[in-house]
Every structure is written in C-alpha cells, then in structure tokens.
file my_file_31.cif (mmCIF, C-alpha atoms)
data_start
loop_
_atom_site.label_atom_id
_atom_site.label_comp_id
_atom_site.auth_asym_id
_atom_site.auth_seq_id
_atom_site.Cartn_x
_atom_site.Cartn_y
_atom_site.Cartn_z
CA MET W 1 20.57 182.98 109.10
CA ALA W 2 20.65 183.00 112.89
CA GLN W 3 16.92 182.32 112.99
CA ILE W 4 17.29 179.34 110.65
CA LYS W 5 20.01 177.78 112.83
CA THR W 6 17.89 178.28 115.94
CA ALA W 7 14.91 176.60 114.29
CA LYS W 8 17.04 173.58 113.45
CA THR W 9 18.30 173.12 117.00
CA ASN W 10 14.96 173.74 118.73
CA PRO W 11 13.26 170.40 117.89
CA VAL W 12 16.17 168.40 119.33
CA SER W 13 16.42 170.44 122.51
CA GLU W 14 12.62 170.35 122.87
CA PHE W 15 12.66 166.57 122.53
CA PHE W 16 15.25 166.09 125.28
CA SER W 17 13.55 168.70 127.45
CA LYS W 18 10.21 166.87 127.19
CA LEU W 19 11.89 163.52 127.75
CA PHE W 20 13.61 164.79 130.88
CA ARG W 21 10.35 166.17 132.25
CA ASN W 22 8.43 162.99 131.48
CA GLN W 23 7.61 160.92 134.56
CA ILE W 24 8.74 157.66 132.98
CA PHE W 25 12.21 159.08 132.22
CA ILE W 26 13.65 158.02 135.61
CA PRO W 27 12.83 154.27 135.38
CA ILE W 28 13.88 154.13 131.72
CA ALA W 29 17.20 155.83 132.52
CA ALA W 30 17.77 153.48 135.48
CA LEU W 31 16.96 150.46 133.30
CA LEU W 32 19.40 151.58 130.61
CA LEU W 33 22.16 152.19 133.16
CA LEU W 34 21.71 148.72 134.65
CA ALA W 35 21.61 147.12 131.19
CA ILE W 36 24.80 148.92 130.07
CA PHE W 37 26.57 148.02 133.32
CA ASN W 38 25.74 144.31 132.97
CA LEU W 39 26.56 144.35 129.27
CA ILE W 40 30.05 145.65 130.07
CA ALA W 41 30.60 143.58 133.22
CA ASP W 42 29.33 140.28 131.82
CA PRO W 43 27.41 140.00 128.51
CA SER W 44 26.30 136.48 129.49
CA PHE W 45 23.90 138.18 131.92
CA PHE W 46 21.48 138.51 128.98
CA LYS W 47 21.80 134.88 127.88
CA ILE W 48 18.52 132.95 127.81
CA THR W 49 18.55 129.17 127.45
CA LEU W 50 15.76 126.76 126.68
CA GLY W 51 15.60 123.73 128.93
CA TYR W 52 13.05 121.23 130.14
CA SER W 53 11.42 120.67 133.50
CA SER W 54 11.20 117.31 135.26
CA ASP W 55 7.84 116.83 133.51
CA GLY W 56 9.43 117.39 130.09
CA ASN W 57 7.88 120.84 129.57
CA PRO W 58 9.95 123.61 127.90
CA VAL W 59 11.31 126.23 130.33
CA LEU W 60 13.30 129.38 129.59
CA SER W 61 16.01 130.19 132.12
CA GLY W 62 18.55 132.93 132.72
CA TYR W 63 18.91 136.17 134.65
CA ILE W 64 16.45 137.97 132.37
CA MET W 65 13.79 135.32 133.02
CA THR W 66 14.41 135.64 136.77
CA ILE W 67 13.82 139.39 136.48
CA LEU W 68 10.65 138.76 134.47
CA ASP W 69 9.42 136.19 137.00
CA TYR W 70 10.04 137.91 140.33
CA GLY W 71 9.66 141.38 138.85
CA SER W 72 6.10 140.51 137.79
CA GLU W 73 5.27 139.61 141.37
CA LEU W 74 6.59 142.97 142.54
CA ALA W 75 4.81 144.80 139.69
CA ILE W 76 1.46 143.44 140.88
CA LEU W 77 2.13 144.80 144.35
CA ALA W 78 3.39 148.13 142.96
CA ILE W 79 0.03 148.75 141.26
CA GLY W 80 -1.81 148.74 144.58
CA MET W 81 0.95 150.63 146.40
CA THR W 82 0.81 153.38 143.77
CA LEU W 83 -2.91 153.92 144.36
CA VAL W 84 -2.49 154.03 148.15
CA THR W 85 0.41 156.47 147.85
CA ALA W 86 -1.46 158.70 145.41
CA ALA W 87 -4.62 158.92 147.54
CA SER W 88 -3.25 159.01 151.09
CA GLY W 89 0.20 160.53 150.61
CA GLY W 90 1.65 157.65 152.61
CA GLN W 91 2.76 154.04 152.18
CA ASP W 92 1.55 150.69 153.47
CA ILE W 93 4.47 148.95 155.20
CA SER W 94 2.40 145.90 156.11
CA VAL W 95 2.16 144.31 152.64
CA GLY W 96 4.84 141.71 153.39
CA ALA W 97 3.00 140.54 156.50
CA ALA W 98 -0.32 140.67 154.62
CA ILE W 99 1.16 138.42 151.90
CA ALA W 100 2.12 135.93 154.63
CA ILE W 101 -1.48 136.02 155.92
CA SER W 102 -3.11 135.59 152.50
CA GLY W 103 -0.68 132.81 151.57
CA SER W 104 -1.38 131.07 154.85
CA VAL W 105 -5.13 131.29 154.16
CA VAL W 106 -4.64 129.69 150.72
CA LEU W 107 -2.81 126.74 152.28
CA ARG W 108 -5.35 126.43 155.08
CA VAL W 109 -8.25 126.19 152.63
CA LEU W 110 -6.43 123.74 150.35
CA CYS W 111 -5.10 121.52 153.13
CA GLY W 112 -7.91 121.76 155.67
CA THR W 113 -6.95 120.32 159.04
CA ASP W 114 -4.32 118.02 157.52
CA SER W 115 -1.01 119.77 156.84
CA ARG W 116 0.04 116.98 154.40
CA PRO W 117 -3.15 116.06 152.49
CA GLU W 118 -3.00 113.57 149.63
CA THR W 119 -5.73 115.47 147.77
CA LEU W 120 -6.88 119.08 147.87
CA GLN W 121 -9.62 119.78 150.38
CA ALA W 122 -11.09 122.58 148.24
CA PRO W 123 -10.82 123.87 144.66
CA ILE W 124 -7.87 126.19 144.02
CA ILE W 125 -10.17 129.00 142.87
CA VAL W 126 -12.04 128.85 146.18
CA ALA W 127 -8.78 129.13 148.13
CA PHE W 128 -7.76 132.13 146.05
CA LEU W 129 -11.12 133.89 146.51
CA VAL W 130 -11.08 133.32 150.27
CA SER W 131 -7.55 134.71 150.48
CA CYS W 132 -8.72 137.76 148.49
CA LEU W 133 -11.53 138.39 150.96
CA VAL W 134 -9.19 138.07 153.94
CA ALA W 135 -6.48 140.29 152.41
CA MET W 136 -9.06 142.89 151.41
CA ALA W 137 -10.50 142.80 154.94
CA PHE W 138 -7.08 143.60 156.38
CA GLY W 139 -6.73 146.29 153.72
CA ALA W 140 -10.05 147.70 154.89
CA PHE W 141 -8.71 147.69 158.46
CA ASN W 142 -5.68 149.73 157.41
CA GLY W 143 -7.85 151.98 155.27
CA THR W 144 -10.22 152.68 158.14
CA LEU W 145 -7.38 153.75 160.41
CA VAL W 146 -5.92 156.03 157.74
CA ALA W 147 -9.09 157.48 156.21
CA TYR W 148 -11.51 157.73 159.11
CA PHE W 149 -9.27 157.84 162.18
CA LYS W 150 -6.77 160.15 160.43
CA ILE W 151 -3.75 158.06 161.50
CA GLN W 152 -0.58 158.57 159.48
CA PRO W 153 -0.38 155.64 156.96
CA MET W 154 3.01 154.33 158.07
CA VAL W 155 1.91 154.33 161.73
CA ALA W 156 -1.49 152.77 160.93
CA THR W 157 0.02 149.92 158.90
CA LEU W 158 2.73 149.35 161.51
CA ILE W 159 0.12 147.39 163.51
CA LEU W 160 -0.28 144.71 160.84
CA PHE W 161 3.43 144.89 160.02
CA THR W 162 4.14 143.86 163.62
CA ALA W 163 1.39 141.28 164.14
CA GLY W 164 0.80 139.96 160.62
CA ARG W 165 3.29 137.10 160.53
CA SER W 166 2.11 135.83 163.90
CA ILE W 167 -1.46 135.84 162.58
CA ALA W 168 -0.28 133.92 159.50
CA ALA W 169 1.34 131.25 161.69
CA TRP W 170 -1.75 131.08 163.92
CA ILE W 171 -4.02 130.40 160.91
CA ASN W 172 -2.22 127.08 160.33
CA ASN W 173 -1.50 126.32 163.99
CA ASN W 174 2.21 127.09 163.50
CA GLU W 175 2.47 124.19 161.06
CA LEU W 176 3.98 124.35 157.57
CA PRO W 177 1.36 122.85 155.22
CA ILE W 178 2.55 121.31 151.97
CA VAL W 179 0.39 121.06 148.84
CA SER W 180 1.39 118.18 146.59
CA ASP W 181 -1.00 119.04 143.75
CA LYS W 182 0.89 119.82 140.50
CA VAL W 183 -1.73 122.20 139.16
CA PHE W 184 -1.25 124.48 142.17
CA SER W 185 2.46 124.81 141.38
CA TYR W 186 1.71 126.12 137.88
CA PHE W 187 0.72 129.56 139.19
CA GLY W 188 4.13 130.21 140.70
CA GLY W 189 6.03 128.30 138.02
CA PHE W 190 5.26 127.50 134.40
CA LEU W 191 2.13 126.40 132.58
CA PRO W 192 2.67 123.15 130.63
CA GLY W 193 3.99 123.94 127.15
CA ILE W 194 4.60 127.63 127.90
CA PRO W 195 8.27 128.44 128.70
CA ILE W 196 7.51 131.91 130.12
CA PRO W 197 6.80 132.23 133.90
CA THR W 198 3.09 132.25 134.76
CA SER W 199 3.60 135.22 137.08
CA PHE W 200 4.24 137.41 134.02
CA PHE W 201 0.83 136.57 132.54
CA ILE W 202 -0.83 137.18 135.91
CA ALA W 203 0.87 140.59 136.12
CA VAL W 204 -0.30 141.46 132.59
CA ALA W 205 -3.85 140.45 133.54
CA CYS W 206 -3.70 142.70 136.63
CA MET W 207 -2.45 145.62 134.50
CA ILE W 208 -5.22 145.10 131.95
CA ILE W 209 -7.90 144.94 134.65
CA THR W 210 -6.55 148.13 136.25
CA ALA W 211 -6.42 149.91 132.88
CA LEU W 212 -10.02 148.90 132.12
CA VAL W 213 -11.22 150.11 135.52
CA PHE W 214 -9.57 153.49 134.96
CA LYS W 215 -10.91 153.68 131.39
CA PHE W 216 -14.54 152.97 132.22
CA THR W 217 -14.71 154.66 135.63
CA SER W 218 -13.47 157.93 137.10
CA LEU W 219 -11.62 156.21 139.95
CA GLY W 220 -8.18 157.29 138.75
CA LEU W 221 -9.28 160.91 138.51
CA TYR W 222 -10.86 160.75 141.97
CA ILE W 223 -7.68 159.30 143.50
CA GLN W 224 -5.55 162.03 141.96
CA SER W 225 -7.98 164.73 143.06
CA VAL W 226 -8.00 163.52 146.68
CA GLY W 227 -4.22 163.16 146.70
CA ILE W 228 -3.63 166.66 145.33
CA ASN W 229 -6.13 168.47 147.56
CA GLN W 230 -8.74 166.56 149.52
CA ASN W 231 -10.52 169.73 150.66
CA SER W 232 -11.05 170.83 147.06
CA SER W 233 -12.17 167.33 146.10
CA ARG W 234 -14.74 167.42 148.92
CA LEU W 235 -16.11 170.72 147.56
CA ASN W 236 -16.46 169.00 144.18
CA GLY W 237 -18.71 166.33 145.69
CA LEU W 238 -16.15 163.59 146.38
CA ASN W 239 -15.77 161.65 149.60
CA PRO W 240 -12.00 161.73 150.33
CA GLU W 241 -12.27 159.26 153.22
CA PHE W 242 -14.00 156.65 151.09
CA ILE W 243 -11.57 157.12 148.18
CA LYS W 244 -8.60 156.55 150.53
CA PHE W 245 -10.38 153.59 152.10
CA ILE W 246 -11.07 151.93 148.74
CA THR W 247 -7.42 152.21 147.65
CA TYR W 248 -6.35 150.16 150.67
CA VAL W 249 -8.99 147.56 149.85
CA ILE W 250 -7.73 147.41 146.25
CA LEU W 251 -4.17 147.02 147.54
CA GLY W 252 -5.48 144.10 149.61
CA PHE W 253 -6.60 142.38 146.42
CA PHE W 254 -3.18 142.76 144.79
CA VAL W 255 -1.56 141.52 148.01
CA ALA W 256 -3.70 138.37 147.75
CA VAL W 257 -2.58 137.82 144.15
CA ALA W 258 1.09 138.23 145.13
CA GLY W 259 0.59 135.94 148.14
CA PHE W 260 -1.01 133.28 145.95
CA ILE W 261 2.00 133.33 143.62
CA LYS W 262 4.40 133.19 146.58
CA VAL W 263 2.96 130.04 148.15
CA SER W 264 2.49 128.43 144.73
CA ARG W 265 6.24 128.67 144.06
CA LEU W 266 7.17 126.25 146.85
CA SER W 267 3.72 124.79 147.60
CA THR W 268 4.32 125.73 151.23
CA ILE W 269 5.17 128.78 153.34
CA ASN W 270 7.77 130.06 155.78
CA TYR W 271 5.98 132.68 157.86
CA SER W 272 9.05 134.63 158.96
CA VAL W 273 10.77 134.72 155.55
CA VAL W 274 8.04 134.90 152.89
CA ALA W 275 7.87 138.36 151.25
CA LYS W 276 10.43 139.70 153.72
CA ASP W 277 11.22 143.39 153.02
CA ILE W 278 9.02 143.35 149.92
CA GLU W 279 7.28 146.49 151.18
CA MET W 280 10.53 148.40 150.67
CA ASP W 281 10.80 147.17 147.08
CA ALA W 282 7.17 148.12 146.38
CA ILE W 283 7.64 151.63 147.78
CA LEU W 284 10.89 152.00 145.87
CA ALA W 285 9.15 150.92 142.66
CA VAL W 286 6.56 153.68 143.16
CA ALA W 287 9.31 156.25 143.81
CA LEU W 288 11.40 155.04 140.89
CA GLY W 289 8.33 155.43 138.69
CA GLY W 290 8.51 159.16 139.35
CA ASN W 291 5.37 159.19 141.51
CA ALA W 292 5.35 161.74 144.33
CA LEU W 293 5.44 159.89 147.67
CA SER W 294 3.39 162.76 149.10
CA GLY W 295 0.42 161.80 146.90
CA GLY W 296 -1.39 163.27 143.92
CA LYS W 297 -0.71 162.56 140.26
CA PHE W 298 0.42 159.01 139.51
CA ASN W 299 1.44 156.74 136.66
CA ILE W 300 0.77 153.01 137.00
CA GLY W 301 2.89 152.12 133.97
CA ALA W 302 5.90 153.95 135.41
CA SER W 303 5.49 152.10 138.73
CA VAL W 304 5.31 148.74 136.95
CA LEU W 305 8.46 149.57 135.00
CA GLY W 306 10.02 150.70 138.29
CA ALA W 307 9.23 147.28 139.78
CA TYR W 308 11.12 145.49 137.00
CA VAL W 309 14.04 147.90 137.44
CA ILE W 310 14.16 147.10 141.17
CA GLN W 311 14.22 143.38 140.38
CA PHE W 312 16.91 144.07 137.74
CA LEU W 313 18.96 145.78 140.46
CA THR W 314 18.35 142.96 142.95
CA THR W 315 19.34 140.27 140.40
CA THR W 316 22.44 142.26 139.46
CA LEU W 317 23.50 142.54 143.11
CA TYR W 318 22.97 138.81 143.64
CA LYS W 319 25.06 138.11 140.54
CA LEU W 320 27.81 140.25 142.02
CA GLU W 321 27.57 137.98 145.09
CA VAL W 322 26.34 140.73 147.40
CA SER W 323 24.98 139.11 150.57
CA SER W 324 21.23 139.23 151.16
CA GLU W 325 21.85 141.16 154.39
CA ALA W 326 23.55 143.96 152.44
CA LEU W 327 20.87 144.28 149.74
CA SER W 328 18.75 146.65 151.83
CA ALA W 329 21.71 148.98 152.28
CA TYR W 330 22.25 149.27 148.51
CA LYS W 331 18.53 149.83 147.92
CA ALA W 332 18.48 152.44 150.69
CA ILE W 333 21.13 154.39 148.76
CA VAL W 334 18.86 154.29 145.70
CA VAL W 335 15.94 155.56 147.83
CA ILE W 336 18.04 158.48 149.11
CA ILE W 337 19.07 159.45 145.57
CA LEU W 338 15.46 159.25 144.35
CA VAL W 339 14.08 161.28 147.25
CA VAL W 340 16.73 163.96 146.71
CA MET W 341 16.16 164.03 142.94
CA SER W 342 12.38 164.31 143.39
CA ALA W 343 12.67 167.17 145.92
CA PRO W 344 11.09 170.40 144.54
CA ILE W 345 14.22 172.48 145.19
CA VAL W 346 16.41 170.01 143.26
CA ARG W 347 13.97 169.92 140.34
CA GLU W 348 13.93 173.74 140.28
CA LYS W 349 17.73 173.85 140.21
CA LEU W 350 17.86 171.28 137.39
CA ALA W 351 15.20 173.16 135.42
CA ALA W 352 17.17 176.39 135.84
CA LEU W 353 20.36 174.62 134.73
CA ILE W 354 18.66 173.25 131.61
CA LYS W 355 17.31 176.70 130.77
CA LYS W 356 20.78 178.14 131.18
CA ILE W 357 22.29 175.50 128.89
CA LYS W 358 19.58 176.07 126.29
CA ALA W 359 20.09 179.84 126.45
CA SER W 360 23.85 179.38 126.07
CA SER W 361 23.35 177.01 123.13
CA ALA W 362 20.95 179.44 121.46
CA ALA W 363 23.43 182.32 121.95
CA LYS W 364 26.24 180.29 120.34
CA SER W 365 23.99 179.37 117.42
CA ALA W 366 23.07 183.03 116.95
CA ASN W 367 26.73 183.96 116.78
#

call {"tool": "encode", "arguments": {"input": "my_file_31.cif", "output": "structure tokens"}}
result
Amino acid sequence: MAQIKTAKTNPVSEFFSKLFRNQIFIPIAALLLLAIFNLIADPSFFKITLGYSSDGNPVLSGYIMTILDYGSELAILAIGMTLVTAASGGQDISVGAAIAISGSVVLRVLCGTDSRPETLQAPIIVAFLVSCLVAMAFGAFNGTLVAYFKIQPMVATLILFTAGRSIAAWINNNELPIVSDKVFSYFGGFLPGIPIPTSFFIAVACMIITALVFKFTSLGLYIQSVGINQNSSRLNGLNPEFIKFITYVILGFFVAVAGFIKVSRLSTINYSVVAKDIEMDAILAVALGGNALSGGKFNIGASVLGAYVIQFLTTTLYKLEVSSEALSAYKAIVVIILVVMSAPIVREKLAALIKKIKASSAAKSAN
C-alpha cells in the first residue's frame, strides 16, 4: 500500500521538481507575480482599447500594448546580449551609446546635409543597411578588444559607452535632424490597417532569423562550447577568439535594428537621452532568463521572455508613479536578487531543501 501511495505522489513532485530546475521557470514566475500584483492593484491595467490614429488607422492602446511595443525593442537587444554573454562571460555596456550612433547614421543618410529635408535623400532600406554596417563595425571593435586583446568585456565596452553619444552627435554636426516622411514612422509605430505595434513583428522576425541560423548551423553549439571551456573548444578544432568576435558583430546588427526603431518612433533623435540605461535592461533580461552571466549554456527564448518581464516591471513602476530617476534603483534590487538566486551555493541549498521536503513527504506517505 505504501508503494502505491508513493507512486501516486511521485509524478506531481517530479513535475514541480523539473519545472523548478527549468531555465525558463524564473521569467515565467516573475511574469505571473507581476500579473497577479497588477490584477489585484488595478484590473484596468489589462484593459486594451481600440482607437484610431490621426490618419484614421486602427490602433490598439493600453498598458499591455505598451509592454508589447517597448518590450519587443528590448527583446531584440536581449538576443544579441545573450550571445555575447554566453561566449565571452561578460556584458556589453555600450549598447545604448551604439544605438545612438546607429540611429544618428540612419538620420544622416535620410536627411543628407539638410537637417529638415522635404524629401528623403536616400531610400529607407539604404539608411538601415548603412546603419547595420556601422553598428557591426563598432561591434567588431568591441569584439577585437575582448577576443584578441583579452580585455575584460565591461572594460573594453566602456570605451564606446563613454564616447559613443559624442560620436552620434558628431555624425550630424550636433544638429537634430527631423524626417517628415510618414513611411519612416511606420517602423516605430503602426503599419496602416494593423493595430499591433510594428516593433513586435520586427522582434518576431529577428527571433525567427536567429532560430533558423541555430537550426541550420552549429553556431549556437560553438558559442556554448567556448563559453563553458574555451581551452577544450580549442582542442576540438574551434577558434574561441573568432567565436567571441562574431557574437559582438551579431550584437551590432541587433543594436542597429533597435536603433532604427528608436529613431523611427519620433523621426528624430536626442543623443543624450535615446536608449539611456537600456544596457542595464538588456543585461537584466539575460539574467532573468536564467542565463549564467559567467557564460556557457544559454536560452534565447528565456532571454526574450525576460525582456518582456523587464518592460512589464518598468510599465508597472511608471503606473505606480515611480519617478524615472528611481527606476534604476528598483531594477538594481531585482538584479541583486537574481544574482543571489543564481549563485551556485544558493542553488545547492535550494536543491538540498527540495530533497529534504520530498524525503519528508515520502516518509509521511509511507506511514
């Protein structure tokens, strides 16, 4: 009889044990906690209304749509940050400044020498491709310092973090170009007839492209191998330096996509404010996704979900009328909790506690 009772309880305990060990458990748990909190505090938080833009196009609005919109922008950045973290065991703190540079390049190509052109001076696709090349070049610069000069990632990217916004302002001669073309505003807003933010579709496209690359190449496996043990990966015929280098170049591409969306939102740029502190959100999204900040095994889907959770948290704090200056402090608390929870000694203690609870439960069932 005791054996029968134990067999009945095992599947349930196994399910929760596997769920707890799963990497995506942390972002899902955080998402549920935020959803429950907002549901109790103010159910209208989840209200979505259908309205119309000045052009008469349908537009969905509400806190959830804000999360979907700005969270998609952060999710794009989190994809690249995850790869850099996994390969190099460090983070790129210059992505905010790099977004300012790539956005400035987009405006420079579209506006030319006139900061207020009546017509675009180049096709939008050309401006985007040029910004991709520039952002990837700066990514290559960071990657070279980290991979070949063996500089710690945070120190290496501190250079661009410090100088990036000045470079962005220099590209447009310290002017603030304005693009009046309506089509350009679609990428940071809504496509005509589609009430869902365009940024969401761009994020989905980036996820699909990344998934296809990992499916048809061994890049993901190589990145994990280098992150876990680069000496072993070298013995297996890999080039750890090049793998690290390429992840920074890939991050540069995603930075360009995020920068393109940023400048499209307002059709202009503010060099000192655009993407301010976004590097912290991107790193936090990676950590919240359960990815080890020291490198190695990674999960892109968990990081993307982590990005939406971070935006959920940010939107919730804004709704509670927390000042923008205090947002970083609240997020810092989340970072501390995540770092502590992901520490090996804490995980060992939790695993031991779960084993103890399971053993106690099994003993009670046996009795």

call {"tool": "closest_residue", "arguments": {"input": "my_file_31.cif", "among": "W:Pro153, W:Pro27, W:Gly306, W:Gly62", "to": "Gly89 (chain W)", "atoms": "all atoms listed in the file"}}
result
W:Pro153

call {"tool": "resolve_selection", "arguments": {"input": "my_file_31.cif", "expression": "the PyMOL selection byres ((chain W and resi 63) around 8)", "output": "compact mmCIF listing (two decimals) with C-alpha atoms, keeping the file's coordinate frame"}}
result
# COMPACT_ATOMS: atom_id res chain seq x y z
CA PHE W 45 23.90 138.18 131.92
CA PHE W 46 21.48 138.51 128.98
CA LYS W 47 21.80 134.88 127.88
CA ILE W 48 18.52 132.95 127.81
CA SER W 61 16.01 130.19 132.12
CA GLY W 62 18.55 132.93 132.72
CA ILE W 64 16.45 137.97 132.37
CA MET W 65 13.79 135.32 133.02
CA THR W 66 14.41 135.64 136.77
CA ILE W 67 13.82 139.39 136.48
CA THR W 315 19.34 140.27 140.40

call {"tool": "closest_residue", "arguments": {"input": "my_file_31.cif", "among": "W:Phe138, W:Phe190, W:Phe298, W:Phe254", "to": "Met207 (chain W)", "atoms": "only C-alpha atoms"}}
result
W:Phe254

call {"tool": "closest_residue", "arguments": {"input": "my_file_31.cif", "among": "W:Ile223, W:Ile250, W:Ala256, W:Val155", "to": "Ala127 (chain W)", "atoms": "all atoms listed in the file"}}
result
W:Ala256

call {"tool": "residues_around", "arguments": {"input": "my_file_31.cif", "residues": "Gly220 (chain W)", "least_positions_apart": "3", "cutoff": "12 Å", "atoms": "only C-alpha atoms", "output": "number ranges by chain"}}
result
W: 82-84, 86-87, 210-217, 223-227, 243-244, 246-247, 296-300

call {"tool": "resolve_selection", "arguments": {"input": "my_file_31.cif", "expression": "the PyMOL selection byres ((chain W and resi 168) around 7)", "output": "ChimeraX atom specification"}}
result
/W:100-101,104,164-167,169-171,271

call {"tool": "build_atoms", "arguments": {"input": "my_file_31.cif", "residues": "region 113-143 of chain W", "atoms": "N, CA and C atoms", "output": "PDB file, in the coordinates of the input"}}
result
ATOM      1  N   THR W 113      -7.571 120.577 157.736  1.00  0.00           N
ATOM      2  CA  THR W 113      -6.950 120.320 159.040  1.00  0.00           C
ATOM      3  C   THR W 113      -5.712 119.443 158.937  1.00  0.00           C
ATOM      4  N   ASP W 114      -5.480 118.889 157.744  1.00  0.00           N
ATOM      5  CA  ASP W 114      -4.320 118.020 157.520  1.00  0.00           C
ATOM      6  C   ASP W 114      -3.230 118.829 156.811  1.00  0.00           C
ATOM      7  N   SER W 115      -2.075 118.967 157.443  1.00  0.00           N
ATOM      8  CA  SER W 115      -1.010 119.770 156.840  1.00  0.00           C
ATOM      9  C   SER W 115      -0.309 119.057 155.677  1.00  0.00           C
ATOM     10  N   ARG W 116      -0.557 117.757 155.506  1.00  0.00           N
ATOM     11  CA  ARG W 116       0.040 116.980 154.400  1.00  0.00           C
ATOM     12  C   ARG W 116      -1.036 116.170 153.689  1.00  0.00           C
ATOM     13  N   PRO W 117      -2.048 116.819 153.111  1.00  0.00           N
ATOM     14  CA  PRO W 117      -3.150 116.060 152.490  1.00  0.00           C
ATOM     15  C   PRO W 117      -2.718 115.406 151.180  1.00  0.00           C
ATOM     16  N   GLU W 118      -3.293 114.247 150.891  1.00  0.00           N
ATOM     17  CA  GLU W 118      -3.000 113.570 149.630  1.00  0.00           C
ATOM     18  C   GLU W 118      -3.768 114.224 148.472  1.00  0.00           C
ATOM     19  N   THR W 119      -4.932 114.770 148.782  1.00  0.00           N
ATOM     20  CA  THR W 119      -5.730 115.470 147.770  1.00  0.00           C
ATOM     21  C   THR W 119      -6.162 116.829 148.329  1.00  0.00           C
ATOM     22  N   LEU W 120      -6.457 117.749 147.446  1.00  0.00           N
ATOM     23  CA  LEU W 120      -6.880 119.080 147.870  1.00  0.00           C
ATOM     24  C   LEU W 120      -8.241 119.007 148.549  1.00  0.00           C
ATOM     25  N   GLN W 121      -8.373 119.770 149.616  1.00  0.00           N
ATOM     26  CA  GLN W 121      -9.620 119.780 150.380  1.00  0.00           C
ATOM     27  C   GLN W 121     -10.633 120.783 149.827  1.00  0.00           C
ATOM     28  N   ALA W 122     -10.210 121.600 148.871  1.00  0.00           N
ATOM     29  CA  ALA W 122     -11.090 122.580 148.240  1.00  0.00           C
ATOM     30  C   ALA W 122     -10.511 122.964 146.887  1.00  0.00           C
ATOM     31  N   PRO W 123     -11.343 123.429 145.962  1.00  0.00           N
ATOM     32  CA  PRO W 123     -10.820 123.870 144.660  1.00  0.00           C
ATOM     33  C   PRO W 123      -9.855 125.047 144.838  1.00  0.00           C
ATOM     34  N   ILE W 124      -8.875 125.130 143.939  1.00  0.00           N
ATOM     35  CA  ILE W 124      -7.870 126.190 144.020  1.00  0.00           C
ATOM     36  C   ILE W 124      -8.508 127.573 143.916  1.00  0.00           C
ATOM     37  N   ILE W 125      -9.513 127.704 143.046  1.00  0.00           N
ATOM     38  CA  ILE W 125     -10.170 129.000 142.870  1.00  0.00           C
ATOM     39  C   ILE W 125     -10.845 129.449 144.159  1.00  0.00           C
ATOM     40  N   VAL W 126     -11.392 128.513 144.906  1.00  0.00           N
ATOM     41  CA  VAL W 126     -12.040 128.850 146.180  1.00  0.00           C
ATOM     42  C   VAL W 126     -11.004 129.363 147.178  1.00  0.00           C
ATOM     43  N   ALA W 127      -9.856 128.696 147.234  1.00  0.00           N
ATOM     44  CA  ALA W 127      -8.780 129.130 148.130  1.00  0.00           C
ATOM     45  C   ALA W 127      -8.314 130.531 147.783  1.00  0.00           C
ATOM     46  N   PHE W 128      -8.193 130.805 146.485  1.00  0.00           N
ATOM     47  CA  PHE W 128      -7.760 132.130 146.050  1.00  0.00           C
ATOM     48  C   PHE W 128      -8.791 133.196 146.438  1.00  0.00           C
ATOM     49  N   LEU W 129     -10.068 132.914 146.203  1.00  0.00           N
ATOM     50  CA  LEU W 129     -11.120 133.890 146.510  1.00  0.00           C
ATOM     51  C   LEU W 129     -11.212 134.170 148.005  1.00  0.00           C
ATOM     52  N   VAL W 130     -11.055 133.132 148.802  1.00  0.00           N
ATOM     53  CA  VAL W 130     -11.080 133.320 150.270  1.00  0.00           C
ATOM     54  C   VAL W 130      -9.907 134.173 150.709  1.00  0.00           C
ATOM     55  N   SER W 131      -8.725 133.915 150.126  1.00  0.00           N
ATOM     56  CA  SER W 131      -7.550 134.710 150.480  1.00  0.00           C
ATOM     57  C   SER W 131      -7.731 136.171 150.055  1.00  0.00           C
ATOM     58  N   CYS W 132      -8.432 136.387 148.937  1.00  0.00           N
ATOM     59  CA  CYS W 132      -8.720 137.760 148.490  1.00  0.00           C
ATOM     60  C   CYS W 132      -9.602 138.475 149.508  1.00  0.00           C
ATOM     61  N   LEU W 133     -10.621 137.791 149.980  1.00  0.00           N
ATOM     62  CA  LEU W 133     -11.530 138.390 150.960  1.00  0.00           C
ATOM     63  C   LEU W 133     -10.799 138.741 152.253  1.00  0.00           C
ATOM     64  N   VAL W 134      -9.929 137.829 152.696  1.00  0.00           N
ATOM     65  CA  VAL W 134      -9.190 138.070 153.940  1.00  0.00           C
ATOM     66  C   VAL W 134      -8.212 139.232 153.770  1.00  0.00           C
ATOM     67  N   ALA W 135      -7.455 139.222 152.654  1.00  0.00           N
ATOM     68  CA  ALA W 135      -6.480 140.290 152.410  1.00  0.00           C
ATOM     69  C   ALA W 135      -7.173 141.638 152.249  1.00  0.00           C
ATOM     70  N   MET W 136      -8.313 141.650 151.582  1.00  0.00           N
ATOM     71  CA  MET W 136      -9.060 142.890 151.410  1.00  0.00           C
ATOM     72  C   MET W 136      -9.656 143.377 152.727  1.00  0.00           C
ATOM     73  N   ALA W 137      -9.996 142.439 153.609  1.00  0.00           N
ATOM     74  CA  ALA W 137     -10.500 142.800 154.940  1.00  0.00           C
ATOM     75  C   ALA W 137      -9.404 143.489 155.755  1.00  0.00           C
ATOM     76  N   PHE W 138      -8.195 142.957 155.684  1.00  0.00           N
ATOM     77  CA  PHE W 138      -7.080 143.600 156.380  1.00  0.00           C
ATOM     78  C   PHE W 138      -6.738 144.939 155.726  1.00  0.00           C
ATOM     79  N   GLY W 139      -6.908 145.016 154.405  1.00  0.00           N
ATOM     80  CA  GLY W 139      -6.730 146.290 153.720  1.00  0.00           C
ATOM     81  C   GLY W 139      -7.757 147.306 154.190  1.00  0.00           C
ATOM     82  N   ALA W 140      -8.984 146.829 154.387  1.00  0.00           N
ATOM     83  CA  ALA W 140     -10.050 147.700 154.890  1.00  0.00           C
ATOM     84  C   ALA W 140      -9.726 148.180 156.308  1.00  0.00           C
ATOM     85  N   PHE W 141      -9.115 147.313 157.099  1.00  0.00           N
ATOM     86  CA  PHE W 141      -8.710 147.690 158.460  1.00  0.00           C
ATOM     87  C   PHE W 141      -7.691 148.828 158.410  1.00  0.00           C
ATOM     88  N   ASN W 142      -6.680 148.668 157.567  1.00  0.00           N
ATOM     89  CA  ASN W 142      -5.680 149.730 157.410  1.00  0.00           C
ATOM     90  C   ASN W 142      -6.311 151.007 156.866  1.00  0.00           C
ATOM     91  N   GLY W 143      -7.203 150.840 155.875  1.00  0.00           N
ATOM     92  CA  GLY W 143      -7.850 151.980 155.270  1.00  0.00           C
ATOM     93  C   GLY W 143      -8.729 152.755 156.239  1.00  0.00           C
TER      94      GLY W 143
END
